[in-house]
Amino acid sequence: MEVVWAVGQVGVVWVAVVLALIVLPSALGISLGISEAYMWVLVKTLEWATIRLQKGAKKLQPQMPRTPAANGIIERDETPMEKEIALLHRADFEFSHIFYFCRKGFEAIVEDEVTQRFSSEELLSWNLLTRTNVNFHYISLRLTIVWVIGVIVRYCFLLPLRFSLAAIGITSMIVGTTVVGQLPNGSVKNYLSEVVHLTCSRILVRALSGTIHYHNKENRPQKGGICVANHTSPIDAIILTNDGCYAMVGQVHGGLMGVIQRATVKACPHVWFERSEIKDRHLVTKRLREHVADKSKLPILIFPEGTCINNTSVMMFKKGSFEIGGTIYPVAIKYDPQFGDAFWNSSKYNIVSYLLRIMTSWAIVCNVWYLPPMVRKEDEDAVQFANRVRSAIARQGGLTELPWDGGLKRAKVKDTFKEEQQKNYSKMLVRNGSVG
């Protein structure tokens with residue numbers, strides 16, 4: 001009985017401390033400086049570890065791998081096809097013309113520019129986490145001791161704390177939106193709904209030890225508009241909702257996610273689709289247009305890539321979001337991989353494993369840029385408009401812009417992409433007189 005009583009007392013003290021020092025300040029939108037102090041200690045520790053690694057690398061130079069000059073394991077020459085096939089100016093076809101395609105095929109086999117975007121970004125320096133291909137913690141005894149202390153802190157202190165905050169945030173979201181959803185539609189309900197969403201999002205951000213820097217807040221999405229952003233993780237929505245409320249768009253889920261969806265839609269005009277409905281493009285477009293037409297409703301938050309990319313690139317935007325009309329508010333999100341890997345590789349980790357990785361990382365640090373609003377020009381189609389918005393996001397976030405569809409994460413290359421390369425080559429042959 002004494003053991004049970006002691007455990008109960010510890011639990012009461014733990015909850016009281018969490019509520020008083022983290023939850024309440026989060027709900028009020030203030031900071032007691034705990035997060036700032038934690039980040040200062042963390043940055044200093046990582047700087048010290050980097051210096052130790054550099055000293056140890058000099059002693060173990062033969063065993064240490066060399067840092068690649070580029071972000072990949074091969075160096076590419078990105079010259080156009082016309083310059084690559086230098087002998088094409090001759091009248092007759094040369095067998096050497098196929099070397100360009102052979103080299104491109106070898107490059108794709110070794111390391112293509114698409115599939116590497118669906119795996120975690122490699123770090124130039126170890127951050128005392130387990131995401132590395134080299135056992136850096138064996139370089140020195142001091143580094144090993146610090147790494148062991150870090151493991152204890154992350155799993156024995158940070159993980160329980162973050163789990164407690166996440167449970168409080170999710171429970172508050174479900175209960176709060178359910179209660180607010182019972183009120184009649186009106187300004188009071190909308191105000192309380194925004195308060196609940198903002199408060200719970202702030203608690204969830206604290207559960208991730210999130211440090212978020214918002215830039216150009218004067219460009220924040222307005223009601224009746226569409227917010228589009230690059231997509232790295234499911235927590236992207238929480239990162240953005242921490243600074244303003246949005247109407248979410250997505251597919252209906254089961255389990256805990258389904259419970260949250262059903263609760264939040266009662267208080268906020270989220271747009272959830274059944275699996276059969278989301279395949280009906282016309283139905284989706286109709287419901288989104290109806291939402292945008294109502295200027296009193298929250299801006300819609302859409303991730304046009306349709307899948308998570310590893311925070312190094314922006315891939316093709318689906319054109320559906322840009323056919324609706326209205327004002328587009330682009331947002332660029334860039335995570336700092338030094339403190340934790342926010343990328344969700346859904347083909348490798350389920351949501352539980354992913355959340356465990358997130359909650360045992362050091363912190364989630366990111367920058368969010370609100371870009372000036374954009375509207376579709378008269379001479380632009382939806383694809384051109386989508387590409388223009390994507391380019392703006394890529395430039396601001398320092399991300400690589402790729403023309404490939406994120407659906408290649410789970411699907412094969414479409415025949416149209418292959419045919420496009422064939423057409424380009426055939427046009428060159430015809431233009432140079434090699435054919436006909």
# chains A, B, ... in the order shown; residues from 1 in each chain; ligands from 1
>>> residues_around(residues="Thr177 of chain A", least_positions_apart="5", cutoff="6 Å", atoms="only C-alpha atoms", output="PDB file with C-alpha atoms, in the first residue's frame")
ATOM      1  CA  ALA A 263     -14.963  15.793 -32.928  1.00  0.00           C
ATOM      2  CA  THR A 264     -13.245  18.713 -34.662  1.00  0.00           C
ATOM      3  CA  ALA A 267     -16.807  22.896 -34.144  1.00  0.00           C
TER       4      ALA A 267
END
>>> residues_around(residues="Gly244 of chain A", least_positions_apart="6", cutoff="9 Å", atoms="only C-alpha atoms", output="VMD selection string")
chain A and resid 194 197 to 198 220 to 221
>>> write_last_selection(atoms="N, CA and C atoms", output="mmCIF file, in the first residue's frame")
data_model
loop_
_atom_site.group_PDB
_atom_site.id
_atom_site.type_symbol
_atom_site.label_atom_id
_atom_site.label_comp_id
_atom_site.auth_asym_id
_atom_site.auth_seq_id
_atom_site.Cartn_x
_atom_site.Cartn_y
_atom_site.Cartn_z
ATOM 1 N N GLU A 194 -11.870 28.583 -32.511
ATOM 2 C CA GLU A 194 -10.507 29.014 -32.780
ATOM 3 C C GLU A 194 -9.657 28.978 -31.509
ATOM 4 N N HIS A 197 -8.741 25.289 -30.863
ATOM 5 C CA HIS A 197 -7.742 24.784 -31.809
ATOM 6 C C HIS A 197 -6.366 25.381 -31.526
ATOM 7 N N LEU A 198 -6.309 26.697 -31.278
ATOM 8 C CA LEU A 198 -5.022 27.334 -31.011
ATOM 9 C C LEU A 198 -4.404 26.821 -29.710
ATOM 10 N N ARG A 220 -0.068 36.270 -43.588
ATOM 11 C CA ARG A 220 -0.792 35.096 -43.111
ATOM 12 C C ARG A 220 -2.100 34.897 -43.878
ATOM 13 N N PRO A 221 -2.471 33.648 -44.147
ATOM 14 C CA PRO A 221 -3.707 33.370 -44.908
ATOM 15 C C PRO A 221 -4.935 33.998 -44.261
#
>>> closest_atom_pairs(of="segment 178-262 of chain A", to="segment 379-391 of chain A", cutoff="10 Å", atoms="only C-alpha atoms", output="JSON lines")
{"residue": "A:Val228", "atom": "CA", "partner": "A:Val389", "partner_atom": "CA", "distance": 8.6}
{"residue": "A:Ala229", "atom": "CA", "partner": "A:Arg390", "partner_atom": "CA", "distance": 8.6}
{"residue": "A:Asn230", "atom": "CA", "partner": "A:Arg390", "partner_atom": "CA", "distance": 8.2}
>>> closest_residue(among="A:Gln422, A:Ser201, A:Asn310, A:Ser296", to="Gly29 of chain A", atoms="only C-alpha atoms")
A:Ser201
>>> residues_around(residues="segment 279-293 of chain A", least_positions_apart="5", cutoff="8 Å", atoms="only C-alpha atoms", output="ChimeraX atom specification")
/A:224-226,271,273,299-300,320,323-326
>>> write_last_selection(atoms="N, CA and C atoms", output="JSON list (two decimals), in the first residue's frame")
[["chain", "number", "residue", "atom", "x", "y", "z"],
["A", 224, "GLY", "N", -11.55, 32.72, -46.37],
["A", 224, "GLY", "CA", -11.99, 32.62, -47.75],
["A", 224, "GLY", "C", -10.87, 32.31, -48.73],
["A", 225, "GLY", "N", -9.65, 32.11, -48.23],
["A", 225, "GLY", "CA", -8.53, 31.81, -49.11],
["A", 225, "GLY", "C", -8.10, 30.36, -49.00],
["A", 226, "ILE", "N", -7.04, 30.02, -49.73],
["A", 226, "ILE", "CA", -6.49, 28.66, -49.74],
["A", 226, "ILE", "C", -5.01, 28.74, -49.39],
["A", 271, "VAL", "N", -13.15, 19.83, -44.03],
["A", 271, "VAL", "CA", -13.71, 19.13, -45.18],
["A", 271, "VAL", "C", -13.11, 17.73, -45.22],
["A", 273, "PHE", "N", -13.38, 13.75, -46.53],
["A", 273, "PHE", "CA", -13.95, 12.96, -47.61],
["A", 273, "PHE", "C", -13.87, 11.48, -47.28],
["A", 299, "PRO", "N", -9.52, 29.83, -43.75],
["A", 299, "PRO", "CA", -8.80, 29.42, -44.97],
["A", 299, "PRO", "C", -8.56, 27.91, -44.98],
["A", 300, "ILE", "N", -8.63, 27.33, -46.16],
["A", 300, "ILE", "CA", -8.40, 25.90, -46.32],
["A", 300, "ILE", "C", -6.90, 25.63, -46.35],
["A", 320, "GLY", "N", -5.45, 20.16, -58.81],
["A", 320, "GLY", "CA", -6.81, 20.33, -58.31],
["A", 320, "GLY", "C", -6.98, 21.50, -57.37],
["A", 323, "GLU", "N", -7.48, 24.81, -59.29],
["A", 323, "GLU", "CA", -8.63, 24.95, -60.19],
["A", 323, "GLU", "C", -9.85, 25.53, -59.47],
["A", 324, "ILE", "N", -9.75, 25.64, -58.15],
["A", 324, "ILE", "CA", -10.90, 26.06, -57.35],
["A", 324, "ILE", "C", -11.20, 27.53, -57.55],
["A", 325, "GLY", "N", -10.16, 28.34, -57.72],
["A", 325, "GLY", "CA", -10.33, 29.78, -57.77],
["A", 325, "GLY", "C", -10.02, 30.39, -56.42],
["A", 326, "GLY", "N", -10.09, 31.71, -56.35],
["A", 326, "GLY", "CA", -9.80, 32.38, -55.09],
["A", 326, "GLY", "C", -8.32, 32.69, -54.96]]
>>> select_by_dssp(residues="segment 128-368 of chain A", states="helix (DSSP H, G or I)", output="count of residues only")
116
>>> closest_residue(among="A:Ser164, A:Gln396, A:Ser172, A:Thr45", to="Asn367 of chain A", atoms="only C-alpha atoms")
A:Gln396
>>> closest_residue(among="A:Ala247, A:Val365, A:Leu158, A:Met316", to="Val18 of chain A", atoms="only C-alpha atoms")
A:Leu158
>>> atom_distance(atom1="atom CA of Phe303 of chain A", atom2="atom CA of Ile351 of chain A")
18.4 Å
>>> select_by_dssp(residues="segment 138-281 of chain A", states="strand (DSSP E)", output="list in words")
Gly210, Thr211, Ile212, His213, Tyr214, His215, Ile226, Cys227, Val228, Ala229, Ala247, Met248, Val249, Gly250, Gln251, Val271, Trp272 and Phe273 of chain A
>>> write_last_selection(atoms="N, CA, C and O atoms", output="short mmCIF file (atom, residue, chain, number, x, y, z; two decimals), in the first residue's frame")
data_model
loop_
_atom_site.label_atom_id
_atom_site.label_comp_id
_atom_site.auth_asym_id
_atom_site.auth_seq_id
_atom_site.Cartn_x
_atom_site.Cartn_y
_atom_site.Cartn_z
N GLY A 210 8.85 21.95 -29.63
CA GLY A 210 8.92 22.70 -30.87
C GLY A 210 9.40 24.13 -30.68
O GLY A 210 8.96 24.84 -29.78
N THR A 211 10.32 24.52 -31.54
CA THR A 211 10.78 25.91 -31.62
C THR A 211 10.53 26.37 -33.05
O THR A 211 11.22 25.92 -33.98
N ILE A 212 9.55 27.23 -33.23
CA ILE A 212 9.10 27.60 -34.57
C ILE A 212 9.30 29.10 -34.76
O ILE A 212 8.92 29.90 -33.90
N HIS A 213 9.89 29.46 -35.88
CA HIS A 213 10.12 30.86 -36.22
C HIS A 213 9.22 31.22 -37.40
O HIS A 213 9.39 30.68 -38.51
N TYR A 214 8.28 32.11 -37.18
CA TYR A 214 7.34 32.54 -38.22
C TYR A 214 7.83 33.86 -38.82
O TYR A 214 8.12 34.80 -38.09
N HIS A 215 7.89 33.90 -40.15
CA HIS A 215 8.38 35.09 -40.84
C HIS A 215 7.27 35.70 -41.71
O HIS A 215 6.42 34.98 -42.24
N ILE A 226 -7.04 30.02 -49.73
CA ILE A 226 -6.49 28.66 -49.74
C ILE A 226 -5.01 28.74 -49.39
O ILE A 226 -4.25 29.44 -50.05
N CYS A 227 -4.62 28.06 -48.33
CA CYS A 227 -3.22 28.01 -47.91
C CYS A 227 -2.60 26.73 -48.45
O CYS A 227 -3.10 25.63 -48.18
N VAL A 228 -1.52 26.84 -49.22
CA VAL A 228 -0.82 25.67 -49.74
C VAL A 228 0.61 25.69 -49.21
O VAL A 228 1.24 26.75 -49.14
N ALA A 229 1.12 24.52 -48.85
CA ALA A 229 2.47 24.43 -48.27
C ALA A 229 3.13 23.13 -48.70
O ALA A 229 2.45 22.17 -49.08
N ALA A 247 -9.11 25.42 -41.89
CA ALA A 247 -10.02 24.33 -42.16
C ALA A 247 -9.24 23.25 -42.90
O ALA A 247 -8.67 23.50 -43.97
N MET A 248 -9.16 22.07 -42.32
CA MET A 248 -8.37 20.99 -42.90
C MET A 248 -9.15 20.28 -44.01
O MET A 248 -10.38 20.24 -44.00
N VAL A 249 -8.42 19.71 -44.93
CA VAL A 249 -8.99 18.91 -46.01
C VAL A 249 -8.28 17.57 -46.02
O VAL A 249 -7.05 17.52 -45.98
N GLY A 250 -9.04 16.49 -46.03
CA GLY A 250 -8.40 15.17 -46.04
C GLY A 250 -9.39 14.05 -46.07
O GLY A 250 -10.61 14.25 -46.12
N GLN A 251 -8.83 12.86 -46.04
CA GLN A 251 -9.64 11.63 -46.10
C GLN A 251 -10.05 11.20 -44.71
O GLN A 251 -9.31 11.38 -43.73
N VAL A 271 -13.15 19.83 -44.03
CA VAL A 271 -13.71 19.13 -45.18
C VAL A 271 -13.11 17.73 -45.22
O VAL A 271 -11.98 17.55 -45.69
N TRP A 272 -13.84 16.75 -44.71
CA TRP A 272 -13.37 15.36 -44.71
C TRP A 272 -14.11 14.58 -45.79
O TRP A 272 -15.32 14.70 -45.96
N PHE A 273 -13.38 13.75 -46.53
CA PHE A 273 -13.95 12.96 -47.61
C PHE A 273 -13.87 11.48 -47.28
O PHE A 273 -12.87 11.01 -46.72
#
>>> residues_around(residues="segment 202-208 of chain A", least_positions_apart="3", cutoff="8 Å", atoms="only C-alpha atoms", output="list in words")
Ile22, Val23, Ser26, Ala27, Gly29, Leu161, Arg162, Phe163, Ser164, Leu165, Ala166, Ile168, Gly169, Ile170, Leu198, Thr199, Ile238, Ile239, Asn242, Ile358, Met359, Ala363 and Ile364 of chain A
>>> residues_around(residues="Val146 of chain A", least_positions_apart="3", cutoff="10 Å", atoms="only C-alpha atoms", output="list of chain:residue names")
A:Thr45, A:Ala49, A:Leu128, A:His137, A:Leu141, A:Arg142, A:Leu143, A:Ile149, A:Gly150, A:Val151, A:Ile152
>>> closest_residue(among="A:Arg103, A:Arg395, A:Lys55, A:Lys377", to="Ile333 of chain A", atoms="only C-alpha atoms")
A:Arg395
>>> atom_distance(atom1="atom CA of Lys334 of chain A", atom2="atom CA of Val368 of chain A")
6.6 Å
>>> closest_residue(among="A:Asp294, A:Thr178, A:Thr416, A:Trp369", to="Val196 of chain A", atoms="only C-alpha atoms")
A:Thr178
>>> residues_around(residues="Met315 of chain A", least_positions_apart="6", cutoff="10 Å", atoms="only C-alpha atoms", output="MDAnalysis selection string")
chainID A and resid 114 117 230:231 304:309 387 390:391 394 399:407
>>> write_last_selection(atoms="N, CA and C atoms", output="tab-separated table (two decimals), in the first residue's frame")
chain	number	residue	atom	x	y	z
A	114	VAL	N	14.56	10.94	-57.47
A	114	VAL	CA	13.20	10.86	-56.94
A	114	VAL	C	13.15	10.05	-55.65
A	117	ARG	N	14.41	11.21	-52.28
A	117	ARG	CA	13.62	12.21	-51.56
A	117	ARG	C	12.64	11.57	-50.58
A	230	ASN	N	4.46	23.13	-48.67
A	230	ASN	CA	5.19	21.87	-48.90
A	230	ASN	C	4.95	20.94	-47.72
A	231	HIS	N	5.09	19.64	-47.97
A	231	HIS	CA	4.67	18.63	-46.98
A	231	HIS	C	5.84	17.75	-46.60
A	304	PRO	N	-0.43	20.24	-51.57
A	304	PRO	CA	-0.65	19.77	-52.96
A	304	PRO	C	0.26	18.64	-53.41
A	305	GLU	N	1.37	18.39	-52.70
A	305	GLU	CA	2.25	17.29	-53.11
A	305	GLU	C	1.57	15.94	-52.90
A	306	GLY	N	0.68	15.86	-51.92
A	306	GLY	CA	-0.07	14.63	-51.70
A	306	GLY	C	0.66	13.58	-50.91
A	307	THR	N	1.92	13.81	-50.58
A	307	THR	CA	2.70	12.85	-49.79
A	307	THR	C	3.84	13.59	-49.12
A	308	CYS	N	4.49	12.95	-48.16
A	308	CYS	CA	5.58	13.58	-47.41
A	308	CYS	C	6.90	13.46	-48.16
A	309	ILE	N	7.62	14.58	-48.28
A	309	ILE	CA	8.94	14.63	-48.91
A	309	ILE	C	9.95	14.97	-47.82
A	387	ASN	N	2.75	25.41	-60.79
A	387	ASN	CA	4.21	25.43	-60.90
A	387	ASN	C	4.78	26.76	-60.42
A	390	ARG	N	4.67	26.66	-56.64
A	390	ARG	CA	5.69	25.73	-56.15
A	390	ARG	C	7.08	26.35	-56.23
A	391	SER	N	7.37	27.06	-57.31
A	391	SER	CA	8.68	27.69	-57.46
A	391	SER	C	8.91	28.73	-56.37
A	394	ALA	N	9.70	26.87	-53.14
A	394	ALA	CA	11.03	26.26	-53.18
A	394	ALA	C	12.12	27.31	-52.99
A	399	LEU	N	14.70	24.95	-51.02
A	399	LEU	CA	14.43	23.56	-51.38
A	399	LEU	C	14.65	23.34	-52.87
A	400	THR	N	14.99	22.12	-53.24
A	400	THR	CA	15.17	21.77	-54.63
A	400	THR	C	13.81	21.55	-55.29
A	401	GLU	N	13.62	22.14	-56.45
A	401	GLU	CA	12.34	22.02	-57.16
A	401	GLU	C	12.43	20.87	-58.16
A	402	LEU	N	11.57	19.89	-58.02
A	402	LEU	CA	11.57	18.72	-58.88
A	402	LEU	C	10.24	18.60	-59.61
A	403	PRO	N	10.25	18.22	-60.89
A	403	PRO	CA	9.00	18.13	-61.66
A	403	PRO	C	8.27	16.82	-61.47
A	404	TRP	N	8.79	15.92	-60.63
A	404	TRP	CA	8.24	14.57	-60.52
A	404	TRP	C	7.04	14.53	-59.58
A	405	ASP	N	6.17	13.58	-59.84
A	405	ASP	CA	4.97	13.37	-59.02
A	405	ASP	C	5.35	12.61	-57.75
A	406	GLY	N	4.91	13.10	-56.60
A	406	GLY	CA	5.18	12.41	-55.35
A	406	GLY	C	4.54	11.04	-55.29
A	407	GLY	N	3.58	10.78	-56.17
A	407	GLY	CA	2.95	9.46	-56.22
A	407	GLY	C	3.91	8.36	-56.60
>>> atom_distance(atom1="atom CA of Gly397 of chain A", atom2="atom CA of Glu420 of chain A")
29.5 Å
